[in-house]
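The data block below is target38.pdb; it holds PDB, C-alpha atoms.
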```pdb
ATOM      1  CA  MET A   1       4.065 -13.871  50.640
ATOM      2  CA  LEU A   2       3.737 -10.339  49.313
ATOM      3  CA  ALA A   3       6.784 -10.799  47.089
ATOM      4  CA  LEU A   4       5.374 -14.059  45.732
ATOM      5  CA  THR A   5       2.056 -12.386  44.968
ATOM      6  CA  ALA A   6       3.797  -9.554  43.140
ATOM      7  CA  THR A   7       5.855 -12.016  41.126
ATOM      8  CA  THR A   8       2.781 -14.019  40.220
ATOM      9  CA  ALA A   9       0.944 -10.871  39.120
ATOM     10  CA  ALA A  10       3.884  -9.788  36.985
ATOM     11  CA  SER A  11       4.068 -13.215  35.348
ATOM     12  CA  ALA A  12       0.356 -13.136  34.609
ATOM     13  CA  ALA A  13       0.671  -9.677  33.067
ATOM     14  CA  SER A  14       3.589 -10.733  30.884
ATOM     15  CA  ALA A  15       1.653 -13.780  29.761
ATOM     16  CA  ALA A  16      -1.446 -11.771  28.849
ATOM     17  CA  THR A  17      -2.261 -11.700  25.142
ATOM     18  CA  GLU A  18      -1.544  -8.296  23.623
ATOM     19  CA  THR A  19      -4.105  -6.494  21.494
ATOM     20  CA  ILE A  20      -3.279  -4.176  18.619
ATOM     21  CA  GLY A  21      -5.921  -1.889  17.164
ATOM     22  CA  VAL A  22      -5.830  -1.258  13.408
ATOM     23  CA  SER A  23      -7.599   1.664  11.744
ATOM     24  CA  ILE A  24      -7.719   1.909   7.946
ATOM     25  CA  PRO A  25      -9.625   4.168   5.522
ATOM     26  CA  THR A  26     -12.089   1.517   4.326
ATOM     27  CA  LEU A  27     -12.923  -2.159   4.651
ATOM     28  CA  ASP A  28     -14.558  -2.360   1.214
ATOM     29  CA  ASN A  29     -11.641  -1.780  -1.167
ATOM     30  CA  PRO A  30     -10.015  -5.027  -2.496
ATOM     31  CA  PHE A  31      -6.576  -3.648  -1.649
ATOM     32  CA  TRP A  32      -7.499  -3.120   2.008
ATOM     33  CA  VAL A  33      -9.270  -6.476   2.224
ATOM     34  CA  ARG A  34      -6.032  -8.147   1.191
ATOM     35  CA  ALA A  35      -4.073  -5.933   3.599
ATOM     36  CA  VAL A  36      -6.289  -6.970   6.517
ATOM     37  CA  ASP A  37      -5.934 -10.641   5.592
ATOM     38  CA  PHE A  38      -2.158 -10.443   5.838
ATOM     39  CA  ALA A  39      -2.279  -8.389   9.050
ATOM     40  CA  LYS A  40      -4.437 -11.137  10.591
ATOM     41  CA  HIS A  41      -1.959 -13.750   9.354
ATOM     42  CA  ALA A  42       0.925 -11.861  11.008
ATOM     43  CA  ALA A  43      -1.024 -11.414  14.253
ATOM     44  CA  SER A  44      -1.900 -15.114  14.353
ATOM     45  CA  ASP A  45       1.729 -16.128  13.907
ATOM     46  CA  LEU A  46       2.766 -13.754  16.711
ATOM     47  CA  GLY A  47      -0.020 -14.856  19.059
ATOM     48  CA  ILE A  48      -1.633 -11.436  19.443
ATOM     49  CA  ASN A  49      -5.192 -10.149  19.111
ATOM     50  CA  LEU A  50      -6.128  -7.766  16.320
ATOM     51  CA  ILE A  51      -9.088  -5.381  16.237
ATOM     52  CA  VAL A  52      -9.616  -3.880  12.765
ATOM     53  CA  VAL A  53     -11.924  -0.949  12.011
ATOM     54  CA  GLY A  54     -12.632   0.916   8.776
ATOM     55  CA  ALA A  55     -13.284   4.653   8.628
ATOM     56  CA  ALA A  56     -15.589   4.574   5.562
ATOM     57  CA  ASN A  57     -13.220   7.233   4.134
ATOM     58  CA  GLN A  58     -14.358   9.752   6.756
ATOM     59  CA  GLU A  59     -11.868  11.668   8.899
ATOM     60  CA  GLN A  60     -14.252  12.201  11.809
ATOM     61  CA  LYS A  61     -15.240   8.534  11.898
ATOM     62  CA  GLN A  62     -11.584   7.531  11.988
ATOM     63  CA  LEU A  63     -10.963   9.918  14.869
ATOM     64  CA  ASN A  64     -13.888   8.374  16.742
ATOM     65  CA  ASP A  65     -12.699   4.869  15.855
ATOM     66  CA  VAL A  66      -9.235   5.490  17.280
ATOM     67  CA  GLN A  67     -10.693   6.987  20.450
ATOM     68  CA  SER A  68     -12.870   3.884  20.778
ATOM     69  CA  LEU A  69      -9.915   1.528  20.285
ATOM     70  CA  LEU A  70      -7.989   3.351  23.013
ATOM     71  CA  SER A  71     -11.015   3.185  25.333
ATOM     72  CA  ARG A  72     -11.147  -0.573  24.749
ATOM     73  CA  GLY A  73      -7.624  -0.832  26.098
ATOM     74  CA  VAL A  74      -5.581  -1.779  23.040
ATOM     75  CA  ASP A  75      -1.860  -2.019  23.725
ATOM     76  CA  ALA A  76      -0.765  -0.369  20.460
ATOM     77  CA  LEU A  77      -2.175   1.117  17.267
ATOM     78  CA  VAL A  78      -1.446   0.674  13.569
ATOM     79  CA  VAL A  79      -3.145   3.425  11.570
ATOM     80  CA  THR A  80      -3.456   4.520   7.961
ATOM     81  CA  PRO A  81      -4.637   8.137   8.215
ATOM     82  CA  GLN A  82      -7.533   9.139   6.015
ATOM     83  CA  SER A  83      -5.515  12.224   5.087
ATOM     84  CA  THR A  84      -2.261  13.976   5.892
ATOM     85  CA  ALA A  85      -4.269  16.682   7.639
ATOM     86  CA  SER A  86      -5.898  14.212  10.031
ATOM     87  CA  ALA A  87      -2.690  12.329  10.878
ATOM     88  CA  PRO A  88      -1.363  14.632  13.665
ATOM     89  CA  GLY A  89      -4.603  14.415  15.628
ATOM     90  CA  LEU A  90      -4.619  10.609  15.483
ATOM     91  CA  ILE A  91      -0.991  10.414  16.580
ATOM     92  CA  ARG A  92      -1.553  12.830  19.473
ATOM     93  CA  LEU A  93      -4.487  10.735  20.714
ATOM     94  CA  ALA A  94      -2.192   7.722  20.972
ATOM     95  CA  ASP A  95       0.587   9.778  22.559
ATOM     96  CA  ARG A  96      -1.711  11.172  25.244
ATOM     97  CA  ALA A  97      -2.903   7.646  26.011
ATOM     98  CA  GLY A  98       0.703   6.430  26.241
ATOM     99  CA  LYS A  99       0.203   3.892  23.456
ATOM    100  CA  PRO A 100       2.694   3.292  20.613
ATOM    101  CA  ILE A 101       1.364   4.002  17.126
ATOM    102  CA  VAL A 102       2.749   2.907  13.755
ATOM    103  CA  VAL A 103       1.664   4.894  10.688
ATOM    104  CA  VAL A 104       1.109   2.983   7.455
ATOM    105  CA  ASP A 105       0.796   3.898   3.761
ATOM    106  CA  ARG A 106       0.097   7.647   4.041
ATOM    107  CA  TYR A 107       3.012   9.684   5.333
ATOM    108  CA  PRO A 108       1.866  12.100   8.051
ATOM    109  CA  GLY A 109       4.125  14.869   6.769
ATOM    110  CA  PHE A 110       6.721  14.823   9.554
ATOM    111  CA  PRO A 111       9.269  12.339  10.960
ATOM    112  CA  ALA A 112       8.594   9.907  13.781
ATOM    113  CA  THR A 113      11.108  11.517  16.100
ATOM    114  CA  ASN A 114       9.392  14.798  16.904
ATOM    115  CA  GLN A 115       8.077  16.226  20.144
ATOM    116  CA  GLN A 116       4.663  17.442  18.990
ATOM    117  CA  ALA A 117       3.298  14.164  17.577
ATOM    118  CA  PRO A 118       5.763  11.293  18.049
ATOM    119  CA  TYR A 119       5.097   7.885  16.545
ATOM    120  CA  VAL A 120       7.046   4.630  16.307
ATOM    121  CA  ALA A 121       7.639   4.419  12.556
ATOM    122  CA  PHE A 122       6.169   5.038   9.132
ATOM    123  CA  ILE A 123       5.950   2.283   6.542
ATOM    124  CA  GLY A 124       4.650   2.740   3.019
ATOM    125  CA  PRO A 125       5.401   2.133  -0.640
ATOM    126  CA  ASP A 126       8.254   3.810  -2.486
ATOM    127  CA  ASP A 127       5.859   5.862  -4.598
ATOM    128  CA  VAL A 128       8.528   7.514  -6.740
ATOM    129  CA  ARG A 129      10.016   4.169  -7.684
ATOM    130  CA  ALA A 130       6.539   2.744  -8.316
ATOM    131  CA  GLY A 131       5.574   5.578 -10.658
ATOM    132  CA  ASP A 132       8.842   5.139 -12.524
ATOM    133  CA  SER A 133       8.393   1.365 -12.857
ATOM    134  CA  ILE A 134       4.933   1.683 -14.447
ATOM    135  CA  ALA A 135       6.176   4.180 -17.022
ATOM    136  CA  THR A 136       9.390   2.271 -17.696
ATOM    137  CA  PHE A 137       7.503  -0.974 -18.348
ATOM    138  CA  LEU A 138       5.184   0.745 -20.840
ATOM    139  CA  ILE A 139       8.149   2.425 -22.540
ATOM    140  CA  ASN A 140      10.116  -0.826 -22.731
ATOM    141  CA  HIS A 141       7.124  -2.400 -24.460
ATOM    142  CA  GLY A 142       6.928   0.233 -27.153
ATOM    143  CA  ALA A 143       4.889   3.121 -25.745
ATOM    144  CA  THR A 144       6.353   6.514 -26.641
ATOM    145  CA  LYS A 145       3.293   8.802 -26.492
ATOM    146  CA  LEU A 146       1.912   8.579 -22.984
ATOM    147  CA  VAL A 147      -1.112  10.020 -21.262
ATOM    148  CA  ALA A 148      -1.258   9.816 -17.481
ATOM    149  CA  ILE A 149      -4.181   9.526 -15.092
ATOM    150  CA  GLY A 150      -2.905  10.695 -11.737
ATOM    151  CA  GLY A 151      -4.300  10.475  -8.218
ATOM    152  CA  THR A 152      -5.913  13.157  -6.095
ATOM    153  CA  PRO A 153      -4.096  16.479  -6.646
ATOM    154  CA  GLY A 154      -2.130  17.572  -3.581
ATOM    155  CA  SER A 155      -1.811  14.048  -2.160
ATOM    156  CA  SER A 156       1.760  13.162  -1.202
ATOM    157  CA  VAL A 157       1.234   9.679  -2.650
ATOM    158  CA  ALA A 158       0.003  11.065  -5.977
ATOM    159  CA  GLU A 159       2.866  13.552  -6.123
ATOM    160  CA  GLY A 160       5.427  10.813  -5.466
ATOM    161  CA  ARG A 161       4.119   8.576  -8.238
ATOM    162  CA  GLN A 162       3.919  11.534 -10.632
ATOM    163  CA  LYS A 163       7.545  12.365  -9.851
ATOM    164  CA  GLY A 164       8.525   8.805 -10.773
ATOM    165  CA  LEU A 165       6.600   9.095 -14.042
ATOM    166  CA  MET A 166       8.446  12.294 -14.942
ATOM    167  CA  GLU A 167      11.817  10.745 -14.080
ATOM    168  CA  ALA A 168      11.142   7.823 -16.420
ATOM    169  CA  ILE A 169      10.141  10.169 -19.246
ATOM    170  CA  ALA A 170      13.195  12.360 -18.672
ATOM    171  CA  ALA A 171      15.391   9.268 -18.987
ATOM    172  CA  ASN A 172      13.939   8.454 -22.438
ATOM    173  CA  SER A 173      14.393  11.233 -24.985
ATOM    174  CA  ASN A 174      12.098   9.578 -27.523
ATOM    175  CA  VAL A 175       9.140   9.513 -25.108
ATOM    176  CA  LYS A 176       6.559  12.279 -24.795
ATOM    177  CA  LEU A 177       4.007  12.920 -22.078
ATOM    178  CA  VAL A 178       1.008  14.002 -24.127
ATOM    179  CA  GLN A 179      -1.199  14.930 -21.160
ATOM    180  CA  TYR A 180      -1.415  14.454 -17.410
ATOM    181  CA  VAL A 181      -4.623  14.795 -15.374
ATOM    182  CA  GLY A 182      -4.952  14.367 -11.619
ATOM    183  CA  ALA A 183      -8.278  12.541 -11.579
ATOM    184  CA  GLY A 184      -8.741  10.916  -8.161
ATOM    185  CA  GLU A 185      -8.727   7.210  -7.393
ATOM    186  CA  THR A 186     -11.879   5.467  -8.613
ATOM    187  CA  GLU A 187     -12.728   3.408 -11.667
ATOM    188  CA  THR A 188     -15.312   6.027 -12.657
ATOM    189  CA  ASN A 189     -12.620   8.729 -12.507
ATOM    190  CA  GLY A 190     -10.417   6.639 -14.791
ATOM    191  CA  TYR A 191     -13.188   5.937 -17.275
ATOM    192  CA  GLN A 192     -14.250   9.569 -17.571
ATOM    193  CA  THR A 193     -10.690  10.867 -17.850
ATOM    194  CA  MET A 194      -9.809   8.305 -20.514
ATOM    195  CA  GLU A 195     -12.909   9.183 -22.519
ATOM    196  CA  ASN A 196     -11.717  12.794 -22.533
ATOM    197  CA  PHE A 197      -8.214  11.717 -23.578
ATOM    198  CA  LEU A 198      -9.581   9.636 -26.444
ATOM    199  CA  SER A 199     -11.712  12.520 -27.667
ATOM    200  CA  ALA A 200      -8.832  14.996 -27.490
ATOM    201  CA  HIS A 201      -6.171  12.710 -28.962
ATOM    202  CA  PRO A 202      -7.123  10.743 -32.099
ATOM    203  CA  ALA A 203      -5.750   7.367 -33.126
ATOM    204  CA  GLY A 204      -1.980   7.376 -33.516
ATOM    205  CA  THR A 205      -1.355  10.227 -31.080
ATOM    206  CA  ILE A 206      -1.292   8.148 -27.881
ATOM    207  CA  ASP A 207      -0.052   4.605 -27.351
ATOM    208  CA  GLY A 208       0.330   4.251 -23.579
ATOM    209  CA  VAL A 209      -1.698   5.026 -20.449
ATOM    210  CA  TRP A 210       0.103   5.445 -17.128
ATOM    211  CA  CYS A 211      -2.262   5.123 -14.155
ATOM    212  CA  TYR A 212      -1.855   6.126 -10.518
ATOM    213  CA  ASN A 213      -3.666   2.955  -9.426
ATOM    214  CA  ASP A 214      -5.417  -0.103 -10.823
ATOM    215  CA  ALA A 215      -8.926   1.248 -10.210
ATOM    216  CA  LEU A 216      -8.242   4.196 -12.523
ATOM    217  CA  CYS A 217      -6.627   1.841 -14.996
ATOM    218  CA  ILE A 218      -9.632  -0.509 -15.067
ATOM    219  CA  GLY A 219     -11.819   2.474 -15.944
ATOM    220  CA  ALA A 220      -9.365   3.585 -18.618
ATOM    221  CA  PHE A 221      -9.149   0.035 -19.992
ATOM    222  CA  ASN A 222     -12.943  -0.087 -20.404
ATOM    223  CA  ALA A 223     -12.996   3.275 -22.168
ATOM    224  CA  VAL A 224     -10.220   2.218 -24.567
ATOM    225  CA  ARG A 225     -11.952  -1.065 -25.317
ATOM    226  CA  GLN A 226     -15.263   0.646 -26.051
ATOM    227  CA  SER A 227     -13.507   3.062 -28.392
ATOM    228  CA  GLY A 228     -12.120   0.180 -30.470
ATOM    229  CA  ARG A 229      -8.511   1.282 -29.857
ATOM    230  CA  SER A 230      -7.323  -1.598 -27.659
ATOM    231  CA  LYS A 231      -4.691  -2.720 -30.189
ATOM    232  CA  GLN A 232      -3.196   0.776 -30.227
ATOM    233  CA  VAL A 233      -2.872   1.512 -26.504
ATOM    234  CA  LEU A 234      -1.028  -0.215 -23.623
ATOM    235  CA  LEU A 235      -1.984   0.375 -19.978
ATOM    236  CA  GLY A 236      -0.227  -0.037 -16.633
ATOM    237  CA  GLY A 237      -1.247   0.657 -13.045
ATOM    238  CA  MET A 238      -0.541  -0.077  -9.407
ATOM    239  CA  ASP A 239      -1.957  -2.125  -6.497
ATOM    240  CA  LEU A 240      -2.161  -5.656  -7.990
ATOM    241  CA  THR A 241      -5.923  -5.778  -7.526
ATOM    242  CA  PRO A 242      -7.756  -8.980  -8.550
ATOM    243  CA  GLN A 243      -9.414  -7.410 -11.606
ATOM    244  CA  ALA A 244      -6.128  -5.957 -12.851
ATOM    245  CA  LEU A 245      -4.329  -9.261 -12.350
ATOM    246  CA  ASP A 246      -7.069 -11.070 -14.254
ATOM    247  CA  LEU A 247      -6.588  -8.764 -17.242
ATOM    248  CA  ILE A 248      -2.817  -9.233 -17.107
ATOM    249  CA  ASP A 249      -3.223 -13.003 -16.949
ATOM    250  CA  LYS A 250      -5.521 -12.909 -19.993
ATOM    251  CA  HIS A 251      -2.843 -11.095 -22.034
ATOM    252  CA  THR A 252      -4.960  -7.991 -22.674
ATOM    253  CA  ASN A 253      -3.503  -4.542 -23.328
ATOM    254  CA  PHE A 254      -3.515  -3.985 -19.538
ATOM    255  CA  ILE A 255       0.016  -5.332 -19.309
ATOM    256  CA  PHE A 256       1.505  -4.366 -15.938
ATOM    257  CA  SER A 257       0.757  -3.614 -12.317
ATOM    258  CA  THR A 258       3.040  -3.084  -9.357
ATOM    259  CA  GLY A 259       2.323  -3.481  -5.686
ATOM    260  CA  GLY A 260       2.522  -5.926  -2.852
ATOM    261  CA  HIS A 261       2.346  -3.037  -0.406
ATOM    262  CA  TRP A 262      -0.815  -4.477   1.137
ATOM    263  CA  LEU A 263       1.763  -6.353   3.250
ATOM    264  CA  GLN A 264       2.642  -3.040   4.893
ATOM    265  CA  LEU A 265      -0.310  -3.315   7.294
ATOM    266  CA  GLY A 266       1.019  -6.618   8.619
ATOM    267  CA  PHE A 267       4.536  -5.184   8.754
ATOM    268  CA  GLY A 268       3.110  -2.367  10.876
ATOM    269  CA  VAL A 269       1.635  -4.953  13.242
ATOM    270  CA  MET A 270       5.032  -6.684  13.442
ATOM    271  CA  ILE A 271       6.821  -3.416  14.261
ATOM    272  CA  ALA A 272       4.196  -2.515  16.891
ATOM    273  CA  TYR A 273       4.601  -6.006  18.398
ATOM    274  CA  ASP A 274       8.361  -5.504  18.666
ATOM    275  CA  LYS A 275       7.824  -2.101  20.268
ATOM    276  CA  LEU A 276       5.549  -3.667  22.899
ATOM    277  CA  HIS A 277       8.393  -6.061  23.666
ATOM    278  CA  GLY A 278      10.875  -3.254  24.199
ATOM    279  CA  HIS A 279      12.493  -3.087  20.764
ATOM    280  CA  GLN A 280      12.889   0.152  18.843
ATOM    281  CA  PRO A 281      12.336  -0.153  15.071
ATOM    282  CA  LEU A 282      15.373  -0.785  12.922
ATOM    283  CA  GLN A 283      14.134   2.081  10.726
ATOM    284  CA  THR A 284      11.627   4.823  11.454
ATOM    285  CA  ASP A 285      10.875   5.588   7.790
ATOM    286  CA  ILE A 286      10.479   2.496   5.614
ATOM    287  CA  ARG A 287       9.749   2.875   1.896
ATOM    288  CA  LEU A 288       8.956  -0.464   0.308
ATOM    289  CA  PRO A 289      10.256  -1.413  -3.124
ATOM    290  CA  LEU A 290       7.354  -3.150  -4.832
ATOM    291  CA  LEU A 291       6.636  -6.242  -6.892
ATOM    292  CA  GLY A 292       6.073  -5.782 -10.600
ATOM    293  CA  VAL A 293       3.730  -8.294 -12.212
ATOM    294  CA  ASP A 294       3.188  -9.009 -15.895
ATOM    295  CA  SER A 295       1.967 -12.059 -17.799
ATOM    296  CA  LYS A 296       5.377 -13.755 -17.530
ATOM    297  CA  ASN A 297       5.583 -13.954 -13.741
ATOM    298  CA  PHE A 298       1.858 -13.848 -12.937
ATOM    299  CA  GLN A 299       1.414 -17.558 -12.131
ATOM    300  CA  GLN A 300       4.359 -17.661  -9.728
ATOM    301  CA  PHE A 301       3.214 -14.442  -8.052
ATOM    302  CA  LYS A 302      -0.306 -15.849  -7.702
ATOM    303  CA  HIS A 303       1.005 -19.028  -6.109
ATOM    304  CA  GLU A 304       3.238 -17.225  -3.614
ATOM    305  CA  TYR A 305       1.156 -14.205  -2.623
ATOM    306  CA  ILE A 306      -2.512 -14.844  -3.426
ATOM    307  CA  ASP A 307      -3.216 -18.566  -3.162
ATOM    308  CA  ASN A 308      -0.941 -18.895  -0.115
ATOM    309  CA  PRO A 309       0.519 -16.694   2.627
ATOM    310  CA  PRO A 310       3.723 -14.954   1.476
ATOM    311  CA  PRO A 311       6.680 -17.373   1.424
ATOM    312  CA  PHE A 312       8.372 -15.928   4.503
ATOM    313  CA  ASN A 313       8.280 -16.665   8.240
ATOM    314  CA  VAL A 314       6.760 -13.717  10.133
ATOM    315  CA  LYS A 315       8.721 -14.422  13.327
ATOM    316  CA  ASP A 316      12.026 -14.351  11.451
ATOM    317  CA  TYR A 317      11.414 -10.644  10.748
ATOM    318  CA  THR A 318      10.644  -9.601  14.328
ATOM    319  CA  ILE A 319      13.412  -8.570  16.702
ATOM    320  CA  THR A 320      11.555 -10.199  19.596
ATOM    321  CA  ASN A 321      11.835 -13.652  18.042
ATOM    322  CA  ASN A 322      14.982 -13.153  15.974
ATOM    323  CA  PRO A 323      17.363 -10.589  17.518
ATOM    324  CA  ALA A 324      19.738 -11.036  14.567
ATOM    325  CA  THR A 325      17.217  -9.888  11.949
ATOM    326  CA  LYS A 326      18.402  -7.075   9.705
ATOM    327  CA  SER A 327      14.912  -6.149   8.535
ATOM    328  CA  GLN A 328      11.386  -5.973   9.962
ATOM    329  CA  VAL A 329       9.837  -6.373   6.502
ATOM    330  CA  PHE A 330       9.961  -9.146   3.917
ATOM    331  CA  PRO A 331      11.892  -8.608   0.688
ATOM    332  CA  LEU A 332       9.087  -8.126  -1.845
ATOM    333  CA  GLN A 333      10.042 -10.552  -4.590
ATOM    334  CA  VAL A 334       8.820 -13.616  -6.404
ATOM    335  CA  LYS A 335      11.034 -16.519  -5.372
TER     336      LYS A 335
END
```
Rewrite the structure from the file as structure tokens, please.
Amino acid sequence: MLALTATTAASAASAATETIGVSIPTLDNPFWVRAVDFAKHAASDLGINLIVVGAANQEQKQLNDVQSLLSRGVDALVVTPQSTASAPGLIRLADRAGKPIVVVDRYPGFPATNQQAPYVAFIGPDDVRAGDSIATFLINHGATKLVAIGGTPGSSVAEGRQKGLMEAIAANSNVKLVQYVGAGETETNGYQTMENFLSAHPAGTIDGVWCYNDALCIGAFNAVRQSGRSKQVLLGGMDLTPQALDLIDKHTNFIFSTGGHWLQLGFGVMIAYDKLHGHQPLQTDIRLPLLGVDSKNFQQFKHEYIDNPPPFNVKDYTITNNPATKSQVFPLQVK
């Protein structure tokens, strides 16, 4: 009778629905809204519960949020740290609680396999490749005198994208970087920086604007338009935000954006799910190659990634459901 009771209890435990807690920097940014939507899609397909909290871009709030998620009894965590500095503390909280944690988007500064702050895996965009692709697209469309509006100085993400920019320029001897400014991440930052560029560099001295993200590029686009120099300057950014995609679709001088990495949050959920089912990640450091979108492939991209869930089966990319899978992430491409 005792053995039967134990077996029944074990079966009930195995049948219990798992809960994964997700902590991200903000719930207000269009990029993160889209990321949460896909994470919920992945969780639904896998039959797990998801609790999502936003840190309002505050390190202390995120720390409190993660403590709260652990107190609520989540089985695993998927976290995008507010900063590299705050990442170790978040990881150690999970480690002390004996809960697996997957880190998304912002590299914590150290590998997963370490004794001080171990985590399951990191997954984020290939920032160097992304920075290169923005510059290369502008160059291939005639820009040879570039200004660049970078992200927050000192950020590993900003440094990676800047490195890609410099690699693209180094590969094209006829291209000059006129000026680079690390401005931050907001539309206001982009607008103000572009106004300064336009004042410092008269017509004919710049013909391309490389942007760390789409928010900066929207600000820069507005400044260029107000200056009357839209026909002289091409712009490209990153994140595939709705406003940027709208400008690309309308064939403005905002001609390119790269991204798709909002899927990384859902991929993190998938990797955490596999870990809960006893499967180590196929990779502990995943850098996603991204989708590039221009006016030529916009409609197909919109159909496959915006109007509908991505054209891939979530379960096919989990070891738990498909032991033969070679990847725990979708190939980011327009079919």
Selected residue, from A:Ile134, A:Val33, A:Val102, A:Ala324, that lies nearest to Pro81 of chain A when counting only C-alpha atoms = A:Val102
Closest to Leu165 of chain A among A:Asp105, A:Asp127, A:Glu187, A:Asp95, using all atoms listed in the file?
->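 So, comparing all the options, the nearest one is A:Asp127.
The list of residues with at least one atom within 12 Å of Gly160 of chain A, based on all atoms listed in the file and without residues fewer than 6 positions apart in the same chain, reads A:Arg106, A:Tyr107, A:Gly124, A:Pro125, A:Asp126, A:Asp127, A:Val128, A:Arg129, A:Ala130, A:Gly131, A:Asp132, A:Gly150, A:Gly151, A:Thr152, A:Pro153, A:Gly154, A:Met166, A:Glu167, A:Tyr212, A:Arg287.
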Which residues fall under the PyMOL selection byres ((chain A and resi 193) around 8) in this file, as a VMD selection string?
-> chain A and resid 149 181 183 189 to 192 194 to 197 220
Rank A:Val147, A:Ala87, A:Leu245, A:Met270 by their smallest atom-to-atom distance to Thr258 of chain A, using only C-alpha atoms, and report the top residue only.
-> A:Leu245
Expand the PyMOL selection byres ((chain A and resi 335) around 9) into the individual residues it matches in the shown file, reporting them as a list of chain:residue names.
-> A:Gln300, A:Phe301, A:Glu304, A:Pro311, A:Gln333, A:Val334
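With distances restricted to only C-alpha atoms, A:Leu50 is the closest residue to Phe38 of chain A from A:His201, A:Gln243, A:Gln67, A:Leu50.
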Taking the block just given, write segment 64-79 of chain A to a file that holds N, CA and C atoms, as an mmCIF file, in the first residue's frame.
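Output saved as part.cif:
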```
data_model
loop_
_atom_site.group_PDB
_atom_site.id
_atom_site.type_symbol
_atom_site.label_atom_id
_atom_site.label_comp_id
_atom_site.auth_asym_id
_atom_site.auth_seq_id
_atom_site.Cartn_x
_atom_site.Cartn_y
_atom_site.Cartn_z
ATOM 1 N N ASN A 64 14.330 42.241 -6.773
ATOM 2 C CA ASN A 64 13.142 41.926 -5.976
ATOM 3 C C ASN A 64 12.173 41.022 -6.740
ATOM 4 N N ASP A 65 12.039 41.296 -8.043
ATOM 5 C CA ASP A 65 11.152 40.484 -8.882
ATOM 6 C C ASP A 65 11.589 39.023 -8.903
ATOM 7 N N VAL A 66 12.881 38.804 -9.076
ATOM 8 C CA VAL A 66 13.400 37.437 -9.143
ATOM 9 C C VAL A 66 13.228 36.737 -7.794
ATOM 10 N N GLN A 67 13.477 37.462 -6.722
ATOM 11 C CA GLN A 67 13.250 36.874 -5.391
ATOM 12 C C GLN A 67 11.780 36.475 -5.226
ATOM 13 N N SER A 68 10.890 37.329 -5.720
ATOM 14 C CA SER A 68 9.457 37.049 -5.632
ATOM 15 C C SER A 68 9.074 35.823 -6.458
ATOM 16 N N LEU A 69 9.620 35.722 -7.664
ATOM 17 C CA LEU A 69 9.335 34.560 -8.515
ATOM 18 C C LEU A 69 9.784 33.267 -7.829
ATOM 19 N N LEU A 70 10.953 33.297 -7.211
ATOM 20 C CA LEU A 70 11.456 32.117 -6.513
ATOM 21 C C LEU A 70 10.568 31.784 -5.312
ATOM 22 N N SER A 71 10.100 32.811 -4.609
ATOM 23 C CA SER A 71 9.213 32.587 -3.462
ATOM 24 C C SER A 71 7.888 31.975 -3.897
ATOM 25 N N ARG A 72 7.468 32.290 -5.123
ATOM 26 C CA ARG A 72 6.212 31.750 -5.649
ATOM 27 C C ARG A 72 6.366 30.313 -6.135
ATOM 28 N N GLY A 73 7.584 29.808 -6.111
ATOM 29 C CA GLY A 73 7.800 28.407 -6.419
ATOM 30 C C GLY A 73 7.968 28.071 -7.884
ATOM 31 N N VAL A 74 8.476 29.016 -8.687
ATOM 32 C CA VAL A 74 8.709 28.693 -10.096
ATOM 33 C C VAL A 74 9.728 27.566 -10.198
ATOM 34 N N ASP A 75 9.631 26.793 -11.253
ATOM 35 C CA ASP A 75 10.534 25.655 -11.441
ATOM 36 C C ASP A 75 11.844 26.049 -12.112
ATOM 37 N N ALA A 76 11.821 27.144 -12.874
ATOM 38 C CA ALA A 76 13.020 27.617 -13.573
ATOM 39 C C ALA A 76 12.846 29.098 -13.879
ATOM 40 N N LEU A 77 13.942 29.741 -14.245
ATOM 41 C CA LEU A 77 13.929 31.166 -14.562
ATOM 42 C C LEU A 77 14.539 31.403 -15.935
ATOM 43 N N VAL A 78 13.997 32.399 -16.636
ATOM 44 C CA VAL A 78 14.595 32.930 -17.855
ATOM 45 C C VAL A 78 14.709 34.434 -17.631
ATOM 46 N N VAL A 79 15.934 34.957 -17.653
ATOM 47 C CA VAL A 79 16.159 36.334 -17.213
ATOM 48 C C VAL A 79 17.026 37.096 -18.208
#
```
